[in-house]
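Read the structure below first, then the notes.
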Amino acid sequence: MVNRIVTGAHYGLRDWLTQRVTAVLMAVYILVIAGWVLLQPAFGYDVWTELFSGSLMRIFTLLFLLSLFYHAWIGVRDIVMDYVKPASVRLLIHVLVILSLIAYVIWAVQILWGL
Amino acid sequence: MSLRFKIYRYNPEADNAPYMQDFDLDLQAGDAMLLDALMLLRQQDDSLGFRKSCREGVCGSDAMNINGRNGLACITPLSSLKQPIEIRPLPGLPVIRDLIVDMTQFFKQYHSIKPYLVNNDPPPETERLQSPEDRAELDGLYECILCACCTTACPSFWWNPDKFVGPSGLLQAYRFLADTRDQDTAARLDNLEDPYRLFRCHTIMNCVDVCPKELNPTEAIGKIKDMMVKRMV
């Protein structure tokens, strides 16, 4: 096979846009949590469990984690694209990263709804 | 005015490896530019290789790395430079000899964005006219002289010179996207909708920092992304 430089995968915009949207969502979540922590006079296990007892907070947290994972996927993929040149190794790393991120999502759901 | 230089020398036919050569030069004080000094140095050592043509920042031939920063020798005043003045070829491109680099990759990327007007209407009797407002859209885009200062200052280009178009090429891409007379918008955007060609830009903004014509490729890249978003949503 000729070793030709191939580009033109026709994607990129969606990921670029998603990375921006997820960044905003994560920033909002961090501000909310930080603000809430600062407003607490006393701080302990019961206060934490109280915060995460409602569905709203659980869904918000899951959204934050999904944003984090998707954001991380794009970032890690970009690094792999820069540093790992053989396509087969790159594909393998991509698959491993995606599978571990999916596992993290399942784990996060388990933790959040197991509280 | 006594000047000290350290200049990158490499002749692949004679040298095993590149080395830095020291030069001293006495020059009448004034508003001399770096290129004037280089031309005097070439009288000392006629093997010193560099490109030059217009001597006034229009042709873009004498782009080089001056004290760690890309710029045009002909419009860089000697008085603005800290000594010893360290001159190297543009980074990220193969060196042909001394300060002369092989620009093939740079121009390949430039050609890949179709740097010409695509208009399939029959040519009118006179020019294809634009309103002054439409014409103003091209300001800050058409002035690019393709000196490669920006592209060779871009880490994304150093990493993927064969795949990432680079700031100069993308500025030119937007120059034609912004032209109301051009009819190839969809194909031009398709051509750039790629994780490497456009989206390797991580807004490091070295391009804006070094551009000798004070253009803003990062802004142009942002406008290309805006157009893509508008097209998608």
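We label chains A, B, ... in the order they appear in the structure tokens, count residues from 1 in each chain, and number ligands from 1 in the order shown.
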
Sort by chain and increasing residue number a table of all residues of chain A within 12 Å of chain B, each with its closest pair of atoms and their distance in Å to one decimal, counting only C-alpha atoms, and write it as CSV.
residue,atom,partner,partner_atom,distance
A:Arg4,CA,B:Asp162,CA,10.4
A:Ile5,CA,B:Asp162,CA,7.2
A:Val6,CA,B:Lys163,CA,7.9
A:Thr7,CA,B:Lys163,CA,6.6
A:Gly8,CA,B:Asp194,CA,5.4
A:Ala9,CA,B:Asp194,CA,5.4
A:His10,CA,B:Asp194,CA,4.9
A:Tyr11,CA,B:Asp194,CA,5.1
A:Gly12,CA,B:Pro195,CA,4.6
A:Leu13,CA,B:Glu193,CA,6.6
A:Arg14,CA,B:Val229,CA,8.5
A:Asp15,CA,B:Pro195,CA,8.8
A:Trp16,CA,B:Phe199,CA,7.4
A:Leu17,CA,B:Val229,CA,8.1
A:Thr18,CA,B:Val229,CA,11.3
A:Gln19,CA,B:Phe199,CA,11.8
A:Ile74,CA,B:Pro195,CA,10.4
A:Gly75,CA,B:His202,CA,10.9
A:Arg77,CA,B:Pro195,CA,10.3
A:Asp78,CA,B:Arg200,CA,8.2
A:Ile79,CA,B:Arg200,CA,10.6
A:Met81,CA,B:Tyr196,CA,9.0
A:Asp82,CA,B:Trp159,CA,6.8
A:Tyr83,CA,B:Trp159,CA,8.8
A:Val84,CA,B:Trp159,CA,11.5
A:Lys85,CA,B:Asn160,CA,10.8

- prompt: Which residues come within 12 Å of range 45-56 of chain A, counting only C-alpha atoms, excluding same-chain residues fewer than 5 positions away, as a PyMOL selection string?
  reply: chain A and resi 32-33+36-37+39-40+61-63+109+111-115

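Rounded to one decimal, CA of Val24 in chain A and CA of Leu171 in chain B lie 27.7 Å from each other.
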
message: Please determine, counting only C-alpha atoms, which residue among B:Gln183, B:Thr203, B:Ser53, B:Gln172 has the shortest atom-to-atom distance to Asp121 in chain B.
response: B:Gln183

message: From a backbone DSSP assignment, name each residue in range 54-156 of chain B labelled alpha helix (DSSP H), as a list in words.
response: Thr104, Gln105, Phe106, Phe107, Lys108, Gln109, Tyr110, His111, Ser112, Pro132, Glu133, Asp134, Arg135, Ala136, Pro155 and Ser156 of chain B

Taking N, CA and C atoms for each residue, export the selection above as a PDB file, in the first residue's frame.
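Below is the file that was written, result_3.pdb:
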ATOM      1  N   THR B 104       8.422  23.999   0.531  1.00  0.00           N
ATOM      2  CA  THR B 104       7.483  23.151  -0.219  1.00  0.00           C
ATOM      3  C   THR B 104       6.233  22.799   0.594  1.00  0.00           C
ATOM      4  N   GLN B 105       6.461  22.337   1.837  1.00  0.00           N
ATOM      5  CA  GLN B 105       5.339  21.916   2.674  1.00  0.00           C
ATOM      6  C   GLN B 105       4.376  23.076   2.948  1.00  0.00           C
ATOM      7  N   PHE B 106       4.974  24.245   3.191  1.00  0.00           N
ATOM      8  CA  PHE B 106       4.177  25.450   3.451  1.00  0.00           C
ATOM      9  C   PHE B 106       3.281  25.766   2.253  1.00  0.00           C
ATOM     10  N   PHE B 107       3.856  25.735   1.050  1.00  0.00           N
ATOM     11  CA  PHE B 107       3.062  26.084  -0.138  1.00  0.00           C
ATOM     12  C   PHE B 107       2.078  24.976  -0.507  1.00  0.00           C
ATOM     13  N   LYS B 108       2.427  23.733  -0.186  1.00  0.00           N
ATOM     14  CA  LYS B 108       1.493  22.627  -0.420  1.00  0.00           C
ATOM     15  C   LYS B 108       0.202  22.873   0.363  1.00  0.00           C
ATOM     16  N   GLN B 109       0.362  23.280   1.620  1.00  0.00           N
ATOM     17  CA  GLN B 109      -0.812  23.558   2.448  1.00  0.00           C
ATOM     18  C   GLN B 109      -1.576  24.761   1.896  1.00  0.00           C
ATOM     19  N   TYR B 110      -0.826  25.773   1.458  1.00  0.00           N
ATOM     20  CA  TYR B 110      -1.459  26.963   0.878  1.00  0.00           C
ATOM     21  C   TYR B 110      -2.292  26.565  -0.346  1.00  0.00           C
ATOM     22  N   HIS B 111      -1.715  25.750  -1.234  1.00  0.00           N
ATOM     23  CA  HIS B 111      -2.444  25.347  -2.441  1.00  0.00           C
ATOM     24  C   HIS B 111      -3.661  24.491  -2.106  1.00  0.00           C
ATOM     25  N   SER B 112      -3.594  23.763  -0.981  1.00  0.00           N
ATOM     26  CA  SER B 112      -4.677  22.842  -0.649  1.00  0.00           C
ATOM     27  C   SER B 112      -5.986  23.565  -0.328  1.00  0.00           C
ATOM     28  N   PRO B 132     -18.554  48.577  -1.064  1.00  0.00           N
ATOM     29  CA  PRO B 132     -17.433  48.911  -0.174  1.00  0.00           C
ATOM     30  C   PRO B 132     -17.468  48.107   1.122  1.00  0.00           C
ATOM     31  N   GLU B 133     -18.672  47.806   1.636  1.00  0.00           N
ATOM     32  CA  GLU B 133     -18.769  47.032   2.880  1.00  0.00           C
ATOM     33  C   GLU B 133     -18.256  45.609   2.664  1.00  0.00           C
ATOM     34  N   ASP B 134     -18.681  44.997   1.548  1.00  0.00           N
ATOM     35  CA  ASP B 134     -18.224  43.639   1.258  1.00  0.00           C
ATOM     36  C   ASP B 134     -16.716  43.605   1.058  1.00  0.00           C
ATOM     37  N   ARG B 135     -16.215  44.626   0.391  1.00  0.00           N
ATOM     38  CA  ARG B 135     -14.775  44.696   0.156  1.00  0.00           C
ATOM     39  C   ARG B 135     -14.012  44.850   1.474  1.00  0.00           C
ATOM     40  N   ALA B 136     -14.630  45.586   2.419  1.00  0.00           N
ATOM     41  CA  ALA B 136     -13.966  45.817   3.702  1.00  0.00           C
ATOM     42  C   ALA B 136     -13.781  44.520   4.482  1.00  0.00           C
ATOM     43  N   PRO B 155       3.246  25.552  16.966  1.00  0.00           N
ATOM     44  CA  PRO B 155       3.563  24.185  17.397  1.00  0.00           C
ATOM     45  C   PRO B 155       2.692  23.130  16.718  1.00  0.00           C
ATOM     46  N   SER B 156       1.434  23.459  16.416  1.00  0.00           N
ATOM     47  CA  SER B 156       0.582  22.480  15.736  1.00  0.00           C
ATOM     48  C   SER B 156       1.133  22.167  14.348  1.00  0.00           C
TER      49      SER B 156
END

- request: Enumerate, as a PyMOL selection string, the complete set of residues in range 18-216 of chain B that a backbone-based DSSP assignment places in strand (DSSP E).
  value: chain B and resi 19-26+63-66+69-72+85-88+95-97+100-101

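When the distance limit is 10 Å and only C-alpha atoms are what count, the residues near Cys150 in chain B, minus those fewer than 2 positions from it on the same chain, are Asn70, Gly71, Leu90, Leu146, Cys147, Ala148, Thr152, Ala153, Cys154, Phe157, Gly166, Pro167, Ser168, Gly169, Met205, Asn206, Cys207, Val208, Asp209, Val210, Cys211, Pro212, Leu215, Asn216 and Pro217 of chain B.
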
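If only C-alpha atoms are the atoms counted, then among B:Arg181, B:Lys52, B:Lys223, B:Arg4 the closest residue to Pro123 in chain B is B:Arg181.
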
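Close contacts of Trp73 in chain A, defined as residues with an atom at most 8 Å away when counting only C-alpha atoms, with chain neighbours fewer than 6 positions off set aside, comprise Val97, Ile98 and Leu101 of chain A.
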
Go ahead and write the selection's residues with C-alpha atoms as a PDB file, in the first residue's frame.
ATOM      1  CA  VAL A  97      -9.971   4.995  26.252  1.00  0.00           C
ATOM      2  CA  ILE A  98     -13.588   4.850  25.068  1.00  0.00           C
ATOM      3  CA  LEU A 101     -14.790   6.131  29.872  1.00  0.00           C
TER       4      LEU A 101
END

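Note that CA of Arg97 in chain B and CA of Tyr10 in chain B are 5.5 Å apart.
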
message: If we count only C-alpha atoms and set the cut-off at 10 Å, which residues sit around Tyr19 in chain B, ignoring sequence neighbours fewer than 4 positions away in its own chain? Please answer as a PyMOL selection string.
response: chain B and resi 6-11+15+98

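Around Phe64 in chain A, within 12 Å and counting only C-alpha atoms, the residues found are Val21, Thr22, Ala23, Val24, Leu25, Met26, Ala27, Val28, Tyr29, Ile30, Leu31, Val32, Ile33, Met57, Arg58, Ile59, Phe60, Leu68, Phe69, Tyr70, His71, Val105, Ala108 and Val109 of chain A, once anything fewer than 4 positions away on its own chain is removed.
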
Please provide the set of residues having any atom within 7 Å of Ala173 in chain B, restricted to only C-alpha atoms, with same-chain residues fewer than 4 positions apart removed, written as a compact mmCIF listing (two decimals) with C-alpha atoms, in the first residue's frame.
# COMPACT_ATOMS: atom_id res chain seq x y z
CA ILE B 113 -7.18 25.56 0.28
CA PRO B 115 -6.26 30.16 -3.01
CA GLY B 169 -3.15 28.84 4.87
CA LEU B 177 -14.71 32.32 2.33

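Atom pair CA of Ile224 in chain B / CA of Glu143 in chain B: separated by 18.0 Å.
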
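The smallest atom-to-atom distance between Asp36 in chain B and any of B:Gly57, B:Pro77, B:Pro12, B:Gly68, using only C-alpha atoms, is found for B:Pro77.
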